>>> print(open('input-v2.cif').read())   # mmCIF, C-alpha atoms
data_upload
#
loop_
_atom_site.group_PDB
_atom_site.id
_atom_site.type_symbol
_atom_site.label_atom_id
_atom_site.label_comp_id
_atom_site.auth_asym_id
_atom_site.auth_seq_id
_atom_site.Cartn_x
_atom_site.Cartn_y
_atom_site.Cartn_z
ATOM 1 C CA MET R 1 33.256 67.363 -33.846
ATOM 2 C CA SER R 2 30.044 66.603 -31.980
ATOM 3 C CA LEU R 3 29.813 63.980 -29.264
ATOM 4 C CA VAL R 4 27.632 61.709 -31.415
ATOM 5 C CA GLU R 5 30.087 61.961 -34.332
ATOM 6 C CA SER R 6 33.007 61.100 -32.054
ATOM 7 C CA LEU R 7 31.089 58.160 -30.620
ATOM 8 C CA GLN R 8 30.149 56.935 -34.119
ATOM 9 C CA ASP R 9 33.776 57.234 -35.235
ATOM 10 C CA ALA R 10 34.948 55.301 -32.196
ATOM 11 C CA LEU R 11 32.256 52.698 -32.836
ATOM 12 C CA ALA R 12 33.385 52.321 -36.457
ATOM 13 C CA GLY R 13 36.900 51.799 -35.073
ATOM 14 C CA GLU R 14 35.651 49.083 -32.731
ATOM 15 C CA HIS R 15 33.823 47.297 -35.563
ATOM 16 C CA ALA R 16 37.057 47.311 -37.563
ATOM 17 C CA ALA R 17 39.078 46.256 -34.500
ATOM 18 C CA VAL R 18 36.788 43.306 -33.781
ATOM 19 C CA TYR R 19 37.044 42.240 -37.423
ATOM 20 C CA GLY R 20 40.810 42.694 -37.423
ATOM 21 C CA TYR R 21 41.353 40.757 -34.229
ATOM 22 C CA GLY R 22 39.209 38.003 -35.715
ATOM 23 C CA VAL R 23 41.787 37.844 -38.514
ATOM 24 C CA VAL R 24 44.603 37.885 -35.944
ATOM 25 C CA GLY R 25 42.955 34.985 -34.106
ATOM 26 C CA GLY R 26 42.549 33.049 -37.323
ATOM 27 C CA VAL R 27 46.274 33.245 -38.042
ATOM 28 C CA ALA R 28 47.666 32.562 -34.646
ATOM 29 C CA ASP R 29 49.027 29.324 -33.405
ATOM 30 C CA ALA R 30 46.520 28.517 -30.656
ATOM 31 C CA THR R 31 49.092 28.297 -27.877
ATOM 32 C CA GLY R 32 51.205 31.315 -28.835
ATOM 33 C CA SER R 33 51.418 34.763 -27.313
ATOM 34 C CA VAL R 34 49.791 36.225 -30.424
ATOM 35 C CA ALA R 35 46.715 34.107 -29.752
ATOM 36 C CA GLN R 36 46.600 35.079 -26.085
ATOM 37 C CA LEU R 37 47.111 38.809 -26.658
ATOM 38 C CA GLY R 38 44.772 38.703 -29.647
ATOM 39 C CA LEU R 39 41.930 37.023 -27.794
ATOM 40 C CA ALA R 40 42.202 39.439 -24.862
ATOM 41 C CA ALA R 41 42.159 42.408 -27.237
ATOM 42 C CA TYR R 42 39.265 40.947 -29.239
ATOM 43 C CA GLU R 43 37.167 40.789 -26.076
ATOM 44 C CA VAL R 44 38.168 44.290 -24.955
ATOM 45 C CA HIS R 45 37.114 45.796 -28.283
ATOM 46 C CA GLN R 46 33.848 43.838 -28.298
ATOM 47 C CA ARG R 47 33.004 45.280 -24.866
ATOM 48 C CA ARG R 48 33.830 48.808 -26.009
ATOM 49 C CA ARG R 49 31.745 48.335 -29.143
ATOM 50 C CA ASP R 50 28.769 47.297 -27.012
ATOM 51 C CA ARG R 51 29.238 50.236 -24.633
ATOM 52 C CA LEU R 52 29.460 52.716 -27.496
ATOM 53 C CA GLU R 53 26.338 51.296 -29.131
ATOM 54 C CA ALA R 54 24.425 51.540 -25.863
ATOM 55 C CA ARG R 55 25.583 55.105 -25.308
ATOM 56 C CA LEU R 56 24.614 56.179 -28.814
ATOM 57 C CA ARG R 57 21.144 54.686 -28.319
ATOM 58 C CA ARG R 58 20.771 56.566 -25.032
ATOM 59 C CA LEU R 59 21.596 59.732 -26.942
ATOM 60 C CA GLY R 60 18.847 58.915 -29.444
ATOM 61 C CA ALA R 61 21.257 58.054 -32.266
ATOM 62 C CA GLU R 62 21.284 54.899 -34.355
ATOM 63 C CA PRO R 63 24.657 53.147 -33.919
ATOM 64 C CA ALA R 64 26.423 52.625 -37.260
ATOM 65 C CA PRO R 65 26.545 48.932 -38.158
ATOM 66 C CA ALA R 66 29.734 47.036 -38.974
ATOM 67 C CA GLU R 67 30.807 46.855 -42.606
ATOM 68 C CA PRO R 68 30.341 43.456 -44.233
ATOM 69 C CA GLY R 69 34.116 43.214 -44.531
ATOM 70 C CA TYR R 70 37.247 45.296 -44.130
ATOM 71 C CA ALA R 71 40.112 45.580 -46.602
ATOM 72 C CA LEU R 72 43.437 44.541 -45.142
ATOM 73 C CA THR R 73 46.383 46.556 -46.417
ATOM 74 C CA SER R 74 48.459 43.402 -46.805
ATOM 75 C CA PRO R 75 47.926 39.660 -46.451
ATOM 76 C CA VAL R 76 47.952 38.375 -42.891
ATOM 77 C CA VAL R 77 49.616 34.979 -42.930
ATOM 78 C CA THR R 78 52.335 34.860 -40.310
ATOM 79 C CA ASP R 79 52.485 35.802 -36.643
ATOM 80 C CA GLY R 80 54.538 38.829 -37.710
ATOM 81 C CA ASP R 81 51.738 39.937 -40.074
ATOM 82 C CA ALA R 82 49.241 39.483 -37.256
ATOM 83 C CA ARG R 83 51.334 41.611 -34.890
ATOM 84 C CA ARG R 84 51.620 44.365 -37.477
ATOM 85 C CA LEU R 85 47.861 44.306 -38.074
ATOM 86 C CA ALA R 86 47.205 44.439 -34.316
ATOM 87 C CA ARG R 87 49.527 47.428 -33.949
ATOM 88 C CA ARG R 88 47.684 49.234 -36.733
ATOM 89 C CA ILE R 89 44.355 48.487 -35.075
ATOM 90 C CA GLU R 90 45.484 49.877 -31.721
ATOM 91 C CA ASP R 91 47.168 52.925 -33.249
ATOM 92 C CA ARG R 92 44.041 53.706 -35.258
ATOM 93 C CA CYS R 93 41.802 53.251 -32.224
ATOM 94 C CA ALA R 94 44.125 55.488 -30.187
ATOM 95 C CA VAL R 95 43.396 58.384 -32.566
ATOM 96 C CA LEU R 96 39.652 57.810 -32.188
ATOM 97 C CA TYR R 97 39.893 57.541 -28.393
ATOM 98 C CA ALA R 98 41.892 60.769 -28.245
ATOM 99 C CA ALA R 99 39.116 62.484 -30.234
ATOM 100 C CA LEU R 100 36.609 61.027 -27.783
ATOM 101 C CA VAL R 101 38.584 62.492 -24.869
ATOM 102 C CA ALA R 102 38.256 65.930 -26.463
ATOM 103 C CA ALA R 103 34.514 65.491 -27.083
ATOM 104 C CA THR R 104 33.557 64.301 -23.591
ATOM 105 C CA THR R 105 33.740 65.493 -19.984
ATOM 106 C CA GLY R 106 33.815 63.970 -16.516
ATOM 107 C CA PRO R 107 33.639 60.190 -16.069
ATOM 108 C CA ARG R 108 33.115 59.623 -19.836
ATOM 109 C CA ARG R 109 36.297 61.500 -20.549
ATOM 110 C CA ARG R 110 38.138 59.527 -17.883
ATOM 111 C CA GLU R 111 36.944 56.331 -19.551
ATOM 112 C CA ALA R 112 38.055 57.473 -23.017
ATOM 113 C CA ALA R 113 41.449 58.469 -21.599
ATOM 114 C CA GLY R 114 41.720 54.997 -20.052
ATOM 115 C CA TRP R 115 41.013 53.459 -23.459
ATOM 116 C CA LEU R 116 43.722 55.637 -24.988
ATOM 117 C CA THR R 117 46.247 54.490 -22.387
ATOM 118 C CA ASP R 118 45.180 50.895 -22.961
ATOM 119 C CA ALA R 119 45.600 51.217 -26.746
ATOM 120 C CA ALA R 120 49.071 52.714 -26.241
ATOM 121 C CA THR R 121 50.277 49.909 -23.966
ATOM 122 C CA ARG R 122 48.650 47.253 -26.146
ATOM 123 C CA SER R 123 50.424 48.658 -29.197
ATOM 124 C CA LEU R 124 53.670 48.423 -27.226
ATOM 125 C CA ALA R 125 52.882 44.814 -26.333
ATOM 126 C CA TRP R 126 52.448 44.118 -30.059
ATOM 127 C CA GLY R 127 55.965 45.370 -30.657
ATOM 128 C CA ALA R 128 55.482 49.061 -31.477
ATOM 129 C CA PRO R 129 57.958 51.560 -30.043
ATOM 130 C CA ALA R 130 56.738 53.938 -27.347
ATOM 131 C CA THR R 131 55.656 57.313 -28.748
ATOM 132 C CA ALA R 132 55.438 60.776 -27.225
ATOM 133 C CA LEU R 133 51.761 61.463 -27.883
ATOM 134 C CA PRO R 134 49.820 58.282 -28.659
ATOM 135 C CA GLY R 135 46.656 58.997 -30.630
ATOM 136 C CA VAL R 136 47.633 62.626 -31.150
ATOM 137 C CA GLY R 137 50.993 62.594 -32.903
ATOM 138 C CA LEU R 138 49.576 60.347 -35.606
ATOM 139 C CA SER R 139 46.611 62.416 -36.594
ATOM 140 C CA MET Y 1 54.772 67.077 -34.891
ATOM 141 C CA LEU Y 2 55.724 70.741 -35.054
ATOM 142 C CA ALA Y 3 52.266 71.664 -36.253
ATOM 143 C CA LEU Y 4 51.014 70.302 -32.986
ATOM 144 C CA ALA Y 5 53.242 72.461 -30.830
ATOM 145 C CA GLY Y 6 51.157 75.053 -29.128
ATOM 146 C CA VAL Y 7 47.899 73.174 -29.417
ATOM 147 C CA ALA Y 8 47.741 72.700 -25.693
ATOM 148 C CA ALA Y 9 48.934 76.196 -25.020
ATOM 149 C CA ALA Y 10 46.414 77.702 -27.428
ATOM 150 C CA ALA Y 11 43.671 75.627 -25.882
ATOM 151 C CA ALA Y 12 44.738 76.772 -22.462
ATOM 152 C CA GLY Y 13 44.887 80.386 -23.513
ATOM 153 C CA LEU Y 14 48.553 80.867 -22.714
ATOM 154 C CA PRO Y 15 50.041 84.270 -23.502
ATOM 155 C CA GLY Y 16 50.913 84.733 -27.137
ATOM 156 C CA CYS Y 17 48.215 82.396 -28.331
ATOM 157 C CA ALA Y 18 44.875 83.422 -29.750
ATOM 158 C CA ALA Y 19 42.667 81.801 -27.150
ATOM 159 C CA SER Y 20 39.795 84.082 -28.073
ATOM 160 C CA SER Y 21 39.641 82.452 -31.514
ATOM 161 C CA ARG Y 22 38.510 79.236 -29.868
ATOM 162 C CA PRO Y 23 34.825 78.784 -30.661
ATOM 163 C CA GLY Y 24 32.691 79.242 -27.621
ATOM 164 C CA ALA Y 25 35.639 80.232 -25.491
ATOM 165 C CA ALA Y 26 34.755 82.623 -22.759
ATOM 166 C CA ALA Y 27 37.616 84.543 -21.265
ATOM 167 C CA GLY Y 28 37.567 83.836 -17.599
ATOM 168 C CA SER Y 29 38.368 81.358 -14.905
ATOM 169 C CA ASP Y 30 38.135 78.275 -17.163
ATOM 170 C CA ASP Y 31 40.944 79.612 -19.344
ATOM 171 C CA THR Y 32 42.956 80.527 -16.282
ATOM 172 C CA ASP Y 33 42.508 77.061 -14.816
ATOM 173 C CA ASP Y 34 43.569 75.443 -18.087
ATOM 174 C CA THR Y 35 46.606 77.700 -18.218
ATOM 175 C CA LEU Y 36 47.572 76.450 -14.775
ATOM 176 C CA LEU Y 37 46.993 72.803 -15.782
ATOM 177 C CA ALA Y 38 49.162 73.204 -18.894
ATOM 178 C CA ARG Y 39 51.835 74.966 -16.868
ATOM 179 C CA ALA Y 40 51.848 72.223 -14.208
ATOM 180 C CA ALA Y 41 52.124 69.584 -16.945
ATOM 181 C CA ALA Y 42 55.037 71.446 -18.550
ATOM 182 C CA GLN Y 43 56.749 71.764 -15.177
ATOM 183 C CA SER Y 44 56.334 68.040 -14.604
ATOM 184 C CA ALA Y 45 57.663 67.191 -18.080
ATOM 185 C CA GLY Y 46 60.692 69.395 -17.432
ATOM 186 C CA GLU Y 47 61.376 67.690 -14.111
ATOM 187 C CA LEU Y 48 61.094 64.245 -15.654
ATOM 188 C CA LEU Y 49 63.347 65.276 -18.535
ATOM 189 C CA ALA Y 50 65.991 66.407 -16.039
ATOM 190 C CA VAL Y 51 65.723 63.167 -14.040
ATOM 191 C CA TYR Y 52 65.978 60.990 -17.149
ATOM 192 C CA ARG Y 53 69.023 62.923 -18.342
ATOM 193 C CA ALA Y 54 70.706 62.762 -14.937
ATOM 194 C CA THR Y 55 69.995 59.032 -14.687
ATOM 195 C CA ALA Y 56 71.394 58.412 -18.174
ATOM 196 C CA ARG Y 57 74.559 60.339 -17.223
ATOM 197 C CA ARG Y 58 74.999 58.365 -14.028
ATOM 198 C CA HIS Y 59 74.188 54.982 -15.607
ATOM 199 C CA PRO Y 60 75.578 54.850 -19.143
ATOM 200 C CA ASP Y 61 74.357 51.283 -19.682
ATOM 201 C CA LEU Y 62 70.789 52.589 -19.355
ATOM 202 C CA ARG Y 63 71.214 55.217 -22.069
ATOM 203 C CA PRO Y 64 69.730 53.180 -24.939
ATOM 204 C CA LEU Y 65 66.590 52.652 -22.848
ATOM 205 C CA LEU Y 66 66.324 56.143 -21.368
ATOM 206 C CA ARG Y 67 67.211 58.407 -24.284
ATOM 207 C CA PRO Y 68 64.036 57.879 -26.315
ATOM 208 C CA LEU Y 69 61.922 58.252 -23.179
ATOM 209 C CA ALA Y 70 63.658 61.512 -22.294
ATOM 210 C CA GLU Y 71 62.965 62.639 -25.852
ATOM 211 C CA HIS Y 72 59.247 62.040 -25.285
ATOM 212 C CA HIS Y 73 59.296 64.330 -22.257
ATOM 213 C CA ALA Y 74 61.082 66.957 -24.320
ATOM 214 C CA GLU Y 75 58.260 66.661 -26.882
ATOM 215 C CA HIS Y 76 55.656 67.038 -24.143
ATOM 216 C CA LEU Y 77 57.458 70.137 -23.002
ATOM 217 C CA ALA Y 78 57.486 71.560 -26.524
ATOM 218 C CA VAL Y 79 53.729 71.029 -26.890
ATOM 219 C CA LEU Y 80 52.781 72.245 -23.426
ATOM 220 C CA ALA Y 81 55.127 75.241 -23.250
ATOM 221 C CA PRO Y 82 55.832 76.326 -26.840
ATOM 222 C CA ASP Y 83 56.931 79.784 -25.750
ATOM 223 C CA GLY Y 84 59.823 78.331 -23.824
ATOM 224 C CA PRO Y 85 60.195 75.641 -21.225
ATOM 225 C CA PRO Y 86 60.258 76.384 -17.528
ATOM 226 C CA PRO Y 87 63.793 76.251 -16.092
ATOM 227 C CA LEU Y 88 64.877 72.633 -15.719
ATOM 228 C CA PRO Y 89 65.759 71.596 -12.189
ATOM 229 C CA ARG Y 90 69.469 71.183 -11.520
ATOM 230 C CA GLY Y 91 71.374 68.828 -9.309
ATOM 231 C CA THR Y 92 68.925 65.923 -9.510
ATOM 232 C CA ARG Y 93 70.149 63.157 -7.209
ATOM 233 C CA VAL Y 94 70.337 59.736 -8.846
ATOM 234 C CA PRO Y 95 70.781 56.523 -6.836
ATOM 235 C CA ARG Y 96 74.085 54.766 -7.446
ATOM 236 C CA GLY Y 97 72.544 51.338 -7.960
ATOM 237 C CA ARG Y 98 71.027 50.588 -11.349
ATOM 238 C CA THR Y 99 67.890 48.997 -9.893
ATOM 239 C CA SER Y 100 67.381 51.793 -7.368
ATOM 240 C CA ALA Y 101 67.837 54.376 -10.100
ATOM 241 C CA LEU Y 102 65.252 52.670 -12.297
ATOM 242 C CA ALA Y 103 62.864 52.292 -9.372
ATOM 243 C CA ALA Y 104 63.257 55.991 -8.545
ATOM 244 C CA LEU Y 105 62.480 56.904 -12.162
ATOM 245 C CA ARG Y 106 59.467 54.654 -12.100
ATOM 246 C CA ARG Y 107 58.117 56.267 -8.917
ATOM 247 C CA ARG Y 108 58.445 59.748 -10.377
ATOM 248 C CA GLU Y 109 56.910 58.762 -13.694
ATOM 249 C CA ARG Y 110 53.966 57.110 -11.971
ATOM 250 C CA ALA Y 111 53.327 60.036 -9.649
ATOM 251 C CA ALA Y 112 53.448 62.443 -12.602
ATOM 252 C CA ALA Y 113 51.080 60.248 -14.627
ATOM 253 C CA ARG Y 114 48.577 60.232 -11.758
ATOM 254 C CA SER Y 115 48.610 64.019 -11.537
ATOM 255 C CA ARG Y 116 48.090 64.305 -15.301
ATOM 256 C CA GLN Y 117 45.252 61.773 -15.136
ATOM 257 C CA ALA Y 118 43.393 64.089 -12.788
ATOM 258 C CA ALA Y 119 44.189 67.058 -15.023
ATOM 259 C CA VAL Y 120 42.635 65.295 -18.061
ATOM 260 C CA VAL Y 121 39.241 65.408 -16.359
ATOM 261 C CA ASP Y 122 39.759 68.874 -14.866
ATOM 262 C CA ALA Y 123 40.647 70.546 -18.185
ATOM 263 C CA SER Y 124 37.911 72.774 -19.617
ATOM 264 C CA SER Y 125 39.317 72.632 -23.116
ATOM 265 C CA GLY Y 126 38.824 69.361 -24.974
ATOM 266 C CA ASP Y 127 42.038 69.966 -26.931
ATOM 267 C CA LEU Y 128 44.080 70.329 -23.766
ATOM 268 C CA ALA Y 129 42.414 67.213 -22.309
ATOM 269 C CA ARG Y 130 43.364 65.283 -25.471
ATOM 270 C CA VAL Y 131 47.023 66.288 -25.223
ATOM 271 C CA LEU Y 132 47.151 65.537 -21.491
ATOM 272 C CA ALA Y 133 45.517 62.131 -22.080
ATOM 273 C CA ALA Y 134 48.175 61.386 -24.719
ATOM 274 C CA VAL Y 135 50.896 62.376 -22.234
ATOM 275 C CA VAL Y 136 49.388 59.939 -19.707
ATOM 276 C CA ALA Y 137 49.278 57.186 -22.364
ATOM 277 C CA CYS Y 138 52.941 57.829 -23.181
ATOM 278 C CA GLN Y 139 53.838 57.654 -19.504
ATOM 279 C CA ALA Y 140 51.995 54.343 -19.210
ATOM 280 C CA GLN Y 141 54.228 53.046 -22.015
ATOM 281 C CA HIS Y 142 57.262 54.280 -20.095
ATOM 282 C CA LEU Y 143 56.130 52.437 -16.968
ATOM 283 C CA VAL Y 144 55.818 49.211 -18.964
ATOM 284 C CA LEU Y 145 59.340 49.643 -20.359
ATOM 285 C CA LEU Y 146 60.818 50.492 -16.936
ATOM 286 C CA ASP Y 147 59.018 47.506 -15.409
ATOM 287 C CA GLY Y 148 60.551 45.320 -18.093
ATOM 288 C CA GLN Y 149 64.005 46.329 -16.852
ATOM 289 C CA LEU Y 150 63.098 45.925 -13.188
ATOM 290 C CA ARG Y 151 61.831 42.375 -13.543
#
>>> encode(input="input-v2.cif", output="structure tokens")
Amino acid sequence: MSLVESLQDALAGEHAAVYGYGVVGGVADATGSVAQLGLAAYEVHQRRRDRLEARLRRLGAEPAPAEPGYALTSPVVTDGDARRLARRIEDRCAVLYAALVAATTGPRRREAAGWLTDAATRSLAWGAPATALPGVGLS
Amino acid sequence: MLALAGVAAAAAGLPGCAASSRPGAAAGSDDTDDTLLARAAAQSAGELLAVYRATARRHPDLRPLLRPLAEHHAEHLAVLAPDGPPPLPRGTRVPRGRTSALAALRRRERAAARSRQAAVVDASSGDLARVLAAVVACQAQHLVLLDGQLR
């Protein structure tokens, strides 16, 4: 997979993550841990989205826009639903970050690897079990 | 998971794997370096596996926590050294105190993760880098879980 394709895939993942964490934020009780974790993650994914867009532009590529909406696999009503959605978001992003690690070198690769580690620990914080090869075992 | 075994080794051009089938792969020092990185990662996984097992033997109350983590290191070993693991170290010393034992595990896990972090960037093969980055991410999860017990 080319670098631009990997970046576009990761960007598509960030668009979906930002949308998904918006849903998480809409569910959460404003003082709960779901709200706190969700808001922090929302901001992290927004920053990554912006970085990926900027990088794609520097490479002369047009960053793919967000979809108008994203289908949720199940209704997100309770805090438990929100946690499950957040885990899915992080696990999905982990796969895309792992692909980005393979497609990059040097400091860019270090950054993508950092994102992968972050997705793995965030998924854990959302209640997922630890896994042997985050972002790789799933693909 | 089995289908994955050997990915890192193939990427690193370990014996028995068709490294030359890798597109754009040039036989030479890059392959050799990746072989060394994969071997060092396998060695480290084997050492951690031995320490986790020894700690679980010495501290039975920690077994529910440590067993799955040891299993992860065994999986790393299987991916990084599919042709057979390096010999596991014997006679690992484990502190008698539960907290000291956990802290010792944490130190080793963190040191290993730092070495792998450097290897992610050093790897010539993107596939090897991906596997090593996943190993680091797994180890970061382990550190969180060990910290949770140390608090």
>>> resolve_selection(input="input-v2.cif", expression="the PyMOL selection byres ((chain R and resi 24) around 10)", output="tab-separated table (two decimals) with C-alpha atoms, keeping the file's coordinate frame")
chain	number	residue	atom	x	y	z
R	18	VAL	CA	36.79	43.31	-33.78
R	19	TYR	CA	37.04	42.24	-37.42
R	20	GLY	CA	40.81	42.69	-37.42
R	21	TYR	CA	41.35	40.76	-34.23
R	22	GLY	CA	39.21	38.00	-35.72
R	23	VAL	CA	41.79	37.84	-38.51
R	25	GLY	CA	42.96	34.98	-34.11
R	26	GLY	CA	42.55	33.05	-37.32
R	27	VAL	CA	46.27	33.24	-38.04
R	28	ALA	CA	47.67	32.56	-34.65
R	29	ASP	CA	49.03	29.32	-33.40
R	34	VAL	CA	49.79	36.22	-30.42
R	35	ALA	CA	46.72	34.11	-29.75
R	37	LEU	CA	47.11	38.81	-26.66
R	38	GLY	CA	44.77	38.70	-29.65
R	39	LEU	CA	41.93	37.02	-27.79
R	42	TYR	CA	39.26	40.95	-29.24
R	76	VAL	CA	47.95	38.38	-42.89
R	77	VAL	CA	49.62	34.98	-42.93
R	78	THR	CA	52.34	34.86	-40.31
R	79	ASP	CA	52.48	35.80	-36.64
R	81	ASP	CA	51.74	39.94	-40.07
R	82	ALA	CA	49.24	39.48	-37.26
R	83	ARG	CA	51.33	41.61	-34.89
R	84	ARG	CA	51.62	44.36	-37.48
R	85	LEU	CA	47.86	44.31	-38.07
R	86	ALA	CA	47.20	44.44	-34.32
>>> resolve_selection(input="input-v2.cif", expression="the PyMOL selection byres ((chain Y and resi 62-76) around 7)", output="list in words")
Thr131 and Ala132 of chain R; Ala45, Leu48, Leu49, Tyr52, Arg53, Ala56, His59, Pro60, Asp61, Leu77, Ala78, Val79, Leu80, Val135 and His142 of chain Y
>>> atom_distance(input="input-v2.cif", atom1="atom CA of Y:Leu145", atom2="atom CA of R:Ser123")
12.6 Å
>>> resolve_selection(input="input-v2.cif", expression="the PyMOL selection byres ((chain Y and resi 131) around 10)", output="MDAnalysis selection string")
(chainID R and resid 98 101:102 133:137) or (chainID Y and resid 4 7:8 11 38 76 79:80 120 126:130 132:137)
>>> closest_residue(input="input-v2.cif", among="Y:Ala50, Y:Leu88, Y:Leu143, Y:Val121", to="chain R", atoms="all atoms listed in the file")
Y:Val121
>>> closest_atom_pairs(input="input-v2.cif", of="chain R", to="chain Y", cutoff="12 Å", atoms="only C-alpha atoms", output="JSON lines")
{"residue": "R:Met1", "atom": "CA", "partner": "Y:Gly126", "partner_atom": "CA", "distance": 10.7}
{"residue": "R:Ser2", "atom": "CA", "partner": "Y:Gly126", "partner_atom": "CA", "distance": 11.6}
{"residue": "R:Leu3", "atom": "CA", "partner": "Y:Gly126", "partner_atom": "CA", "distance": 11.3}
{"residue": "R:Asp91", "atom": "CA", "partner": "Y:Ala137", "partner_atom": "CA", "distance": 11.9}
{"residue": "R:Ala94", "atom": "CA", "partner": "Y:Ala134", "partner_atom": "CA", "distance": 9.0}
{"residue": "R:Val95", "atom": "CA", "partner": "Y:Ala134", "partner_atom": "CA", "distance": 9.7}
{"residue": "R:Leu96", "atom": "CA", "partner": "Y:Arg130", "partner_atom": "CA", "distance": 10.7}
{"residue": "R:Tyr97", "atom": "CA", "partner": "Y:Arg130", "partner_atom": "CA", "distance": 9.0}
{"residue": "R:Ala98", "atom": "CA", "partner": "Y:Arg130", "partner_atom": "CA", "distance": 5.5}
{"residue": "R:Ala99", "atom": "CA", "partner": "Y:Arg130", "partner_atom": "CA", "distance": 7.0}
{"residue": "R:Leu100", "atom": "CA", "partner": "Y:Arg130", "partner_atom": "CA", "distance": 8.3}
{"residue": "R:Val101", "atom": "CA", "partner": "Y:Arg130", "partner_atom": "CA", "distance": 5.6}
{"residue": "R:Ala102", "atom": "CA", "partner": "Y:Gly126", "partner_atom": "CA", "distance": 3.8}
{"residue": "R:Ala103", "atom": "CA", "partner": "Y:Gly126", "partner_atom": "CA", "distance": 6.2}
{"residue": "R:Thr104", "atom": "CA", "partner": "Y:Gly126", "partner_atom": "CA", "distance": 7.4}
{"residue": "R:Thr105", "atom": "CA", "partner": "Y:Val121", "partner_atom": "CA", "distance": 6.6}
{"residue": "R:Gly106", "atom": "CA", "partner": "Y:Val121", "partner_atom": "CA", "distance": 5.6}
{"residue": "R:Pro107", "atom": "CA", "partner": "Y:Val121", "partner_atom": "CA", "distance": 7.7}
{"residue": "R:Arg108", "atom": "CA", "partner": "Y:Val121", "partner_atom": "CA", "distance": 9.1}
{"residue": "R:Arg109", "atom": "CA", "partner": "Y:Val121", "partner_atom": "CA", "distance": 6.4}
{"residue": "R:Arg110", "atom": "CA", "partner": "Y:Val121", "partner_atom": "CA", "distance": 6.2}
{"residue": "R:Glu111", "atom": "CA", "partner": "Y:Val121", "partner_atom": "CA", "distance": 9.9}
{"residue": "R:Ala112", "atom": "CA", "partner": "Y:Ala133", "partner_atom": "CA", "distance": 8.8}
{"residue": "R:Ala113", "atom": "CA", "partner": "Y:Ala133", "partner_atom": "CA", "distance": 5.5}
{"residue": "R:Gly114", "atom": "CA", "partner": "Y:Ala137", "partner_atom": "CA", "distance": 8.2}
{"residue": "R:Trp115", "atom": "CA", "partner": "Y:Ala137", "partner_atom": "CA", "distance": 9.1}
{"residue": "R:Leu116", "atom": "CA", "partner": "Y:Ala137", "partner_atom": "CA", "distance": 6.3}
{"residue": "R:Thr117", "atom": "CA", "partner": "Y:Ala137", "partner_atom": "CA", "distance": 4.1}
{"residue": "R:Asp118", "atom": "CA", "partner": "Y:Ala137", "partner_atom": "CA", "distance": 7.5}
{"residue": "R:Ala119", "atom": "CA", "partner": "Y:Ala137", "partner_atom": "CA", "distance": 8.3}
{"residue": "R:Ala120", "atom": "CA", "partner": "Y:Ala137", "partner_atom": "CA", "distance": 5.9}
{"residue": "R:Thr121", "atom": "CA", "partner": "Y:Gln141", "partner_atom": "CA", "distance": 5.4}
{"residue": "R:Arg122", "atom": "CA", "partner": "Y:Gln141", "partner_atom": "CA", "distance": 9.0}
{"residue": "R:Ser123", "atom": "CA", "partner": "Y:Gln141", "partner_atom": "CA", "distance": 9.2}
{"residue": "R:Leu124", "atom": "CA", "partner": "Y:Gln141", "partner_atom": "CA", "distance": 7.0}
{"residue": "R:Ala125", "atom": "CA", "partner": "Y:Val144", "partner_atom": "CA", "distance": 9.1}
{"residue": "R:Gly127", "atom": "CA", "partner": "Y:Leu145", "partner_atom": "CA", "distance": 11.6}
{"residue": "R:Ala128", "atom": "CA", "partner": "Y:Gln141", "partner_atom": "CA", "distance": 10.3}
{"residue": "R:Pro129", "atom": "CA", "partner": "Y:Gln141", "partner_atom": "CA", "distance": 9.0}
{"residue": "R:Ala130", "atom": "CA", "partner": "Y:Gln141", "partner_atom": "CA", "distance": 6.0}
{"residue": "R:Thr131", "atom": "CA", "partner": "Y:Cys138", "partner_atom": "CA", "distance": 6.2}
{"residue": "R:Ala132", "atom": "CA", "partner": "Y:His72", "partner_atom": "CA", "distance": 4.5}
{"residue": "R:Leu133", "atom": "CA", "partner": "Y:Ala134", "partner_atom": "CA", "distance": 4.8}
{"residue": "R:Pro134", "atom": "CA", "partner": "Y:Ala134", "partner_atom": "CA", "distance": 5.3}
{"residue": "R:Gly135", "atom": "CA", "partner": "Y:Ala134", "partner_atom": "CA", "distance": 6.6}
{"residue": "R:Val136", "atom": "CA", "partner": "Y:Ala134", "partner_atom": "CA", "distance": 6.6}
{"residue": "R:Gly137", "atom": "CA", "partner": "Y:Met1", "partner_atom": "CA", "distance": 6.2}
{"residue": "R:Leu138", "atom": "CA", "partner": "Y:Met1", "partner_atom": "CA", "distance": 8.5}
{"residue": "R:Ser139", "atom": "CA", "partner": "Y:Met1", "partner_atom": "CA", "distance": 9.6}
>>> residues_around(input="input-v2.cif", residues="R:Gly13", least_positions_apart="6", cutoff="9 Å", atoms="all atoms listed in the file", output="count of residues only")
5
>>> atom_distance(input="input-v2.cif", atom1="atom CA of Y:Arg58", atom2="atom CA of Y:Asp147")
19.4 Å
>>> atom_distance(input="input-v2.cif", atom1="atom CA of Y:Ala113", atom2="atom CA of Y:Ser44")
9.4 Å
>>> closest_residue(input="input-v2.cif", among="R:Gln46, R:Thr31, R:Gln36, R:Gln8", to="R:Pro63", atoms="all atoms listed in the file")
R:Gln8
>>> closest_residue(input="input-v2.cif", among="Y:Pro86, Y:Ser29, Y:Ala101, Y:Pro95", to="Y:Ala42", atoms="all atoms listed in the file")
Y:Pro86
>>> axis_aligned_box(input="input-v2.cif", around="stretch 50-68 of chain Y", padding_each_side="8 Å", output="lines of an AutoDock Vina configuration file")
center_x = 69.8
center_y = 58.8
center_z = -20.2
size_x = 27.5
size_y = 31.1
size_z = 28.3
>>> closest_residue(input="input-v2.cif", among="R:Gly69, R:Arg58, R:Glu53, R:Glu90", to="R:Ala17", atoms="all atoms listed in the file")
R:Glu90
